[in-house]
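S.K.: Got a structure here, written out as structure tokens. Questions coming.
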Amino acid sequence: MASLRSATPKLRNYFRDNYIPQICEALLCGLLVTCPEDPLRYLEHMIIVIIQNGLENLLWDMCIDPSLKPKIRRLSETYLEQLFGLDDQLVTPELMIKACTFYTGRLVKNHFGGWREVAIPRANQEAILAEKMDRAITHDNFRCQKVFFYHWLSYVITCRERLIVSLLRLRQMFCVQRQKIILAKWKEKARHKSKTREDELILKHELQLRKWKLKSKVPEEKLLSPERSSSDTAAAAAPVEFDVSALPEQAIMQIFLYLSFRDTIMCGQVNRSWMAMTQRGFLWNAIDFSTTKNIADKCVVSTLQRWRLTVLRLNFRGCLFRTKTLKAVSHCKNLQELNVSDCQSLTDESMRHISEGCPGVLYLNLSNTTITNRTMRLLPRYFHNLQNLSLAYCRKFTDKGLQYLNLGNGCHKLIYLDLSGCTQISVQGFRNIASSCTGIMHLTINDMPTLTDNCVKVLVEKCPRISTVVFIGSPHLSDCAFKALSSCNLKKIRFEGNKRITDACFKYIDKNYPGINHIYMVDCKALTDSSLKSMSVLKQLTVLNLTNCVRISDIGLRQFLDGPASVRIRELNLTNCSLLGDASIVRLSERCPNLHYLSLRNCEHLTDLAIECISGMLSLVSVDLSGTLISNEAYCKTSLFLEHLDISYCRQLSDDIIKTVAIFCTHITSLNIAGCPKITDGGLETLSAKCHYLHILDISGCILLTDQILQDLQMGCKQLRILKMRFCRSISVSSQDVLCGPASGVQL
């Protein structure tokens, strides 16, 4: 059966429905490729396989061994359909002949037309060429016009831009010139007004000084002399009766809060009214025994027992009470703050009584005491809410004692920890601290030469909340410790006396410590201008102390001031940075509008130019210019709000600087002119007549001053509390005793 085209539809459907062509295809492909020795048995076996797999899963290569299957892609069509006549072909041989004839004629027509166009020349070829040439000329002319137009347009645009730039430059020059004229007139007017103001102040000062001198010329017998004590003078005056109890309670509280423990006890013995005032509970919230000497233990015990429910804060710093006296602290059930530092009588037994009776303590200072591991065991057992703990210079506990902090509820609420001077702590001890005090935010470790980078890494790994670190007297710390701290959100960092800290630790400070606001790098001599350049990008920086960083120069300071850090800087200490000159200080006066505290002590290269620029900074409150080369007229004329001024050891200064301070800085409270040998009584007389708010005065080494200044200070500076006058050989001891008598309140 060569073909089934003429077969009945029933037969053809039978072949198609029972997959006869596919079965034959698979069996034939298997025979052709495998070539079995016994074809019949092979066919029998393959038919069984086809039956088992089903006709729906039949493939053409199913009967071929997998290792012999050809690596070719199977075509979607098969010739068996045509072989059996199942393809339903519609194209007959006659139709195929017609299609081929049409296709051949179409090809001949197309190719003959193209050949004719090429082979047979046109009759009007010259006209066509002329037309093409005209078209080409027209196109070329248009292209040239377009190019010329573009050049002309660019020239017009350039001329217009130049004209605009010239007009803007002329307008800018006009504005600048007008501003110069306005500023010159304003400067002249301001200079005139300032001169007028200075003249008025000087005239007013001269009038006040005349009145002062007339007032000071009283009879000799009315002056306070060594023969006539201040108590006699007070007794001669008429007594003034006034009932303090009539004052409002808030006023009484403010008055009695200034009294010490002994003074409060003595006030309670005056009369019944005063006793009632001293029995106010708020006066006994905080009791300070450290300022009272020679107080009886019995008085301390009775006071603590009486006010046991009121006392919140106790200070026993340096007290030499008996052990039983300290045990009385356990009666204060509501105690929150306890300071027993430097109490040599404090023992572990005393701390046991205190811890059992005062479980609510938040602040505990045990520095420089003899506590041992027994006390360390008590801390986590009783002080569950402890937040501040100071163990500075307590050298009798060991690493095991620090391990006790993790017992029971532990000291997990601890925020502040001071381990200064605890040289017995090893790396294991720091591991114990890190395990028990994971919430520490403020860490102070001073005077510990054994502290290494590894100790800092151990702490930082488990205490990521640390925001303040103080490492003073730890010379073995290096840049590695500084890098380890980068995992913490540091706000304040302080290193002092370290020569291994270099510029490398500040290289990425803006990324590692973006929120840092206090940097103290005192006596770190390896730091250079590069560190200042790195710190210039710290937008939150408010306090910078680079004392004794002797390699800092004008270049580094100017780079720091050019960054955003200069805007918020509030305190800047550049003591002993002797390489600094006027250029950086002039820049400082322009870039630091919020600077309050400035120290340029011993900056020898500064001149009056830098000091004049500083004087124009109205935000300054405290200035230290000691050891510089300033002159008498270089400062203070515009610093009206200055409160603290240190110009000690400026040996070229005379009375003129004191008069300038007295006239223009009437609100000054602290003045240091030690080591200025040219200052005389005249300058201090002016100061006494004008500066009535002066609290602290240092005139040590002013060898020309005499006893007269003490009388002037006593009359004019009523609020003077501290007076330093060492090496003033022209001032007698008797005059000093009069000034610093019991009624004066002045402390030498």
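Starting from 1 in every chain, residues are counted up; chains themselves are A, B, ... following the order of the structure tokens, and ligands are numbered from 1 as listed.
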Could you list, as a PyMOL selection string, every residue within 10 Å of Ile433 in chain A, counting only C-alpha atoms and ignoring same-chain residues fewer than 5 positions away?
M.R.: chain A and resi 399+401-406+411+417+427-428+438+440+458-459+462-463
S.K.: Next, write the just-selected residues to a file, as a PDB file, in the first residue's frame, keeping C-alpha atoms as the atom set.
M.R.:
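After the write, selection-v1.pdb holds the following:
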```pdb
ATOM      1  CA  ASP A 399      38.758  41.393  88.890  1.00  0.00           C
ATOM      2  CA  GLY A 401      34.863  41.858  92.513  1.00  0.00           C
ATOM      3  CA  LEU A 402      33.942  43.328  89.136  1.00  0.00           C
ATOM      4  CA  GLN A 403      32.495  39.960  88.188  1.00  0.00           C
ATOM      5  CA  TYR A 404      30.089  40.230  91.139  1.00  0.00           C
ATOM      6  CA  LEU A 405      28.395  43.189  89.442  1.00  0.00           C
ATOM      7  CA  ASN A 406      26.653  40.682  87.182  1.00  0.00           C
ATOM      8  CA  CYS A 411      23.930  46.733  87.880  1.00  0.00           C
ATOM      9  CA  LEU A 417      31.366  54.539  85.896  1.00  0.00           C
ATOM     10  CA  VAL A 427      41.846  42.731  80.716  1.00  0.00           C
ATOM     11  CA  GLN A 428      39.681  40.080  82.376  1.00  0.00           C
ATOM     12  CA  THR A 438      26.179  46.957  79.118  1.00  0.00           C
ATOM     13  CA  ILE A 440      27.244  52.439  80.409  1.00  0.00           C
ATOM     14  CA  VAL A 458      36.816  44.667  75.172  1.00  0.00           C
ATOM     15  CA  LEU A 459      34.656  47.424  76.670  1.00  0.00           C
ATOM     16  CA  LYS A 462      29.604  44.910  74.703  1.00  0.00           C
ATOM     17  CA  CYS A 463      28.946  48.542  75.673  1.00  0.00           C
TER      18      CYS A 463
END
```
S.K.: With only C-alpha atoms as the atoms that count, which of A:Leu572, A:Cys100, A:Leu338, A:Met617 lies nearest to Val311 in chain A?
M.R.: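 Nearest candidate to Val311 in chain A out of A:Leu572, A:Cys100, A:Leu338, A:Met617: A:Leu338.
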S.K.: Work out how far CA of Asp523 in chain A is from CA of Thr547 in chain A, in Å to one decimal.
M.R.: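 Straight-line distance from CA of Thr547 in chain A to CA of Asp523 in chain A works out to 6.0 Å.
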S.K.: Hey, what does DSSP flag as alpha helix (DSSP H) within range 526-705 of chain A? Can you give it to me as a PyMOL selection string?
M.R.: chain A and resi 529-535+554-561+565-568+582-591+608-615+655-664+681-690
S.K.: As a list in words, list the residues of range 248-482 of chain A assigned to strand (DSSP E) by DSSP on the backbone atoms of this structure.
M.R.: Ala286, Ile287, Asp288, Arg313, Leu314, Asn315, Glu337, Leu338, Asn339, Tyr363, Leu364, Asn365, Asn388, Leu389, Ser390, Tyr416, Leu417, Asp418, His442, Leu443, Thr444, Ile445, Asn446, Thr468, Val469, Val470, Phe471 and Ile472 of chain A
S.K.: Keeping only N, CA, C and O atoms, write those residues as a short mmCIF file (atom, residue, chain, number, x, y, z; two decimals), in the first residue's frame.
M.R.:
```cif
data_model
loop_
_atom_site.label_atom_id
_atom_site.label_comp_id
_atom_site.auth_asym_id
_atom_site.auth_seq_id
_atom_site.Cartn_x
_atom_site.Cartn_y
_atom_site.Cartn_z
N ALA A 286 19.39 67.84 101.43
CA ALA A 286 20.81 67.61 101.13
C ALA A 286 21.65 68.08 102.31
O ALA A 286 21.55 69.25 102.70
N ILE A 287 22.44 67.19 102.89
CA ILE A 287 23.30 67.52 104.03
C ILE A 287 24.73 67.28 103.61
O ILE A 287 25.09 66.19 103.16
N ASP A 288 25.54 68.32 103.77
CA ASP A 288 26.96 68.26 103.38
C ASP A 288 27.81 68.33 104.65
O ASP A 288 27.95 69.39 105.26
N ARG A 313 20.21 63.48 99.83
CA ARG A 313 21.61 63.53 99.41
C ARG A 313 22.50 63.72 100.62
O ARG A 313 22.25 64.62 101.45
N LEU A 314 23.54 62.90 100.74
CA LEU A 314 24.50 62.98 101.84
C LEU A 314 25.91 63.05 101.27
O LEU A 314 26.25 62.31 100.34
N ASN A 315 26.73 63.93 101.86
CA ASN A 315 28.12 64.08 101.43
C ASN A 315 29.02 63.95 102.65
O ASN A 315 29.03 64.80 103.54
N GLU A 337 21.47 59.88 96.86
CA GLU A 337 22.86 60.18 96.53
C GLU A 337 23.71 60.08 97.78
O GLU A 337 23.37 60.65 98.82
N LEU A 338 24.82 59.36 97.67
CA LEU A 338 25.72 59.16 98.81
C LEU A 338 27.15 59.31 98.34
O LEU A 338 27.58 58.62 97.40
N ASN A 339 27.89 60.20 99.00
CA ASN A 339 29.29 60.44 98.69
C ASN A 339 30.11 60.16 99.94
O ASN A 339 30.05 60.90 100.92
N TYR A 363 23.11 57.42 93.10
CA TYR A 363 24.48 57.93 92.94
C TYR A 363 25.30 57.46 94.12
O TYR A 363 24.92 57.68 95.28
N LEU A 364 26.43 56.80 93.86
CA LEU A 364 27.29 56.27 94.93
C LEU A 364 28.74 56.56 94.58
O LEU A 364 29.23 56.12 93.54
N ASN A 365 29.41 57.31 95.46
CA ASN A 365 30.82 57.66 95.27
C ASN A 365 31.64 56.99 96.35
O ASN A 365 31.57 57.35 97.52
N ASN A 388 24.98 55.89 88.89
CA ASN A 388 26.30 56.50 88.91
C ASN A 388 27.15 55.82 89.98
O ASN A 388 26.75 55.77 91.14
N LEU A 389 28.30 55.32 89.59
CA LEU A 389 29.20 54.63 90.51
C LEU A 389 30.63 55.10 90.27
O LEU A 389 31.11 55.08 89.14
N SER A 390 31.28 55.53 91.36
CA SER A 390 32.69 55.95 91.28
C SER A 390 33.52 55.04 92.17
O SER A 390 33.31 54.98 93.39
N TYR A 416 26.97 55.82 84.56
CA TYR A 416 28.27 56.46 84.75
C TYR A 416 29.16 55.56 85.60
O TYR A 416 28.73 55.04 86.63
N LEU A 417 30.40 55.37 85.17
CA LEU A 417 31.37 54.54 85.90
C LEU A 417 32.73 55.20 85.85
O LEU A 417 33.21 55.58 84.79
N ASP A 418 33.34 55.35 87.05
CA ASP A 418 34.67 55.95 87.17
C ASP A 418 35.61 54.92 87.77
O ASP A 418 35.43 54.48 88.91
N HIS A 442 28.78 56.87 80.21
CA HIS A 442 29.88 57.77 80.56
C HIS A 442 30.95 56.95 81.29
O HIS A 442 30.68 56.36 82.34
N LEU A 443 32.14 56.93 80.73
CA LEU A 443 33.23 56.13 81.27
C LEU A 443 34.44 57.02 81.51
O LEU A 443 34.88 57.74 80.62
N THR A 444 34.96 56.98 82.75
CA THR A 444 36.13 57.77 83.12
C THR A 444 37.20 56.84 83.66
O THR A 444 36.96 56.11 84.63
N ILE A 445 38.37 56.86 83.03
CA ILE A 445 39.50 56.05 83.47
C ILE A 445 40.74 56.94 83.42
O ILE A 445 41.35 57.10 82.36
N ASN A 446 41.11 57.50 84.58
CA ASN A 446 42.26 58.38 84.67
C ASN A 446 43.38 57.70 85.46
O ASN A 446 43.13 56.82 86.29
N THR A 468 30.47 59.10 76.33
CA THR A 468 31.50 59.97 76.91
C THR A 468 32.63 59.10 77.44
O THR A 468 32.39 58.17 78.22
N VAL A 469 33.86 59.39 77.03
CA VAL A 469 35.03 58.68 77.54
C VAL A 469 36.08 59.69 77.95
O VAL A 469 36.28 60.70 77.28
N VAL A 470 36.71 59.41 79.09
CA VAL A 470 37.78 60.27 79.61
C VAL A 470 38.96 59.37 79.93
O VAL A 470 38.88 58.52 80.83
N PHE A 471 40.06 59.54 79.19
CA PHE A 471 41.28 58.77 79.40
C PHE A 471 42.42 59.75 79.65
O PHE A 471 43.02 60.27 78.71
N ILE A 472 42.69 60.02 80.92
CA ILE A 472 43.78 60.92 81.30
C ILE A 472 44.86 60.10 81.99
O ILE A 472 44.58 59.34 82.91
#
```
S.K.: Out of A:Leu532, A:Met96, A:Ile493, A:Leu107, which residue has the shortest atom-to-atom distance to Asp562 in chain A when counting only C-alpha atoms?
M.R.: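 So, comparing all the options, the nearest one is A:Leu532.
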S.K.: Please determine, counting only C-alpha atoms, which residue among A:Thr628, A:Asn373, A:Gln540, A:Gln269 has the shortest atom-to-atom distance to Cys577 in chain A.
M.R.: A:Thr628
S.K.: Got a sec: who's within 9 Å of Leu27 in chain A, counting only C-alpha atoms, leaving out chain neighbours fewer than 2 positions off, as a PyMOL selection string?
M.R.: chain A and resi 22-25+29-32+43+46-47+60-64
S.K.: Do you have the CA of Lys659 in chain A-CA of Asp681 in chain A distance handy?
M.R.: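 About the pair CA of Lys659 in chain A and CA of Asp681 in chain A: they are 11.4 Å apart.
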S.K.: For CA of Leu705 in chain A and CA of Thr680 in chain A, quote the distance in Å rounded to one decimal.
M.R.: 5.3 Å
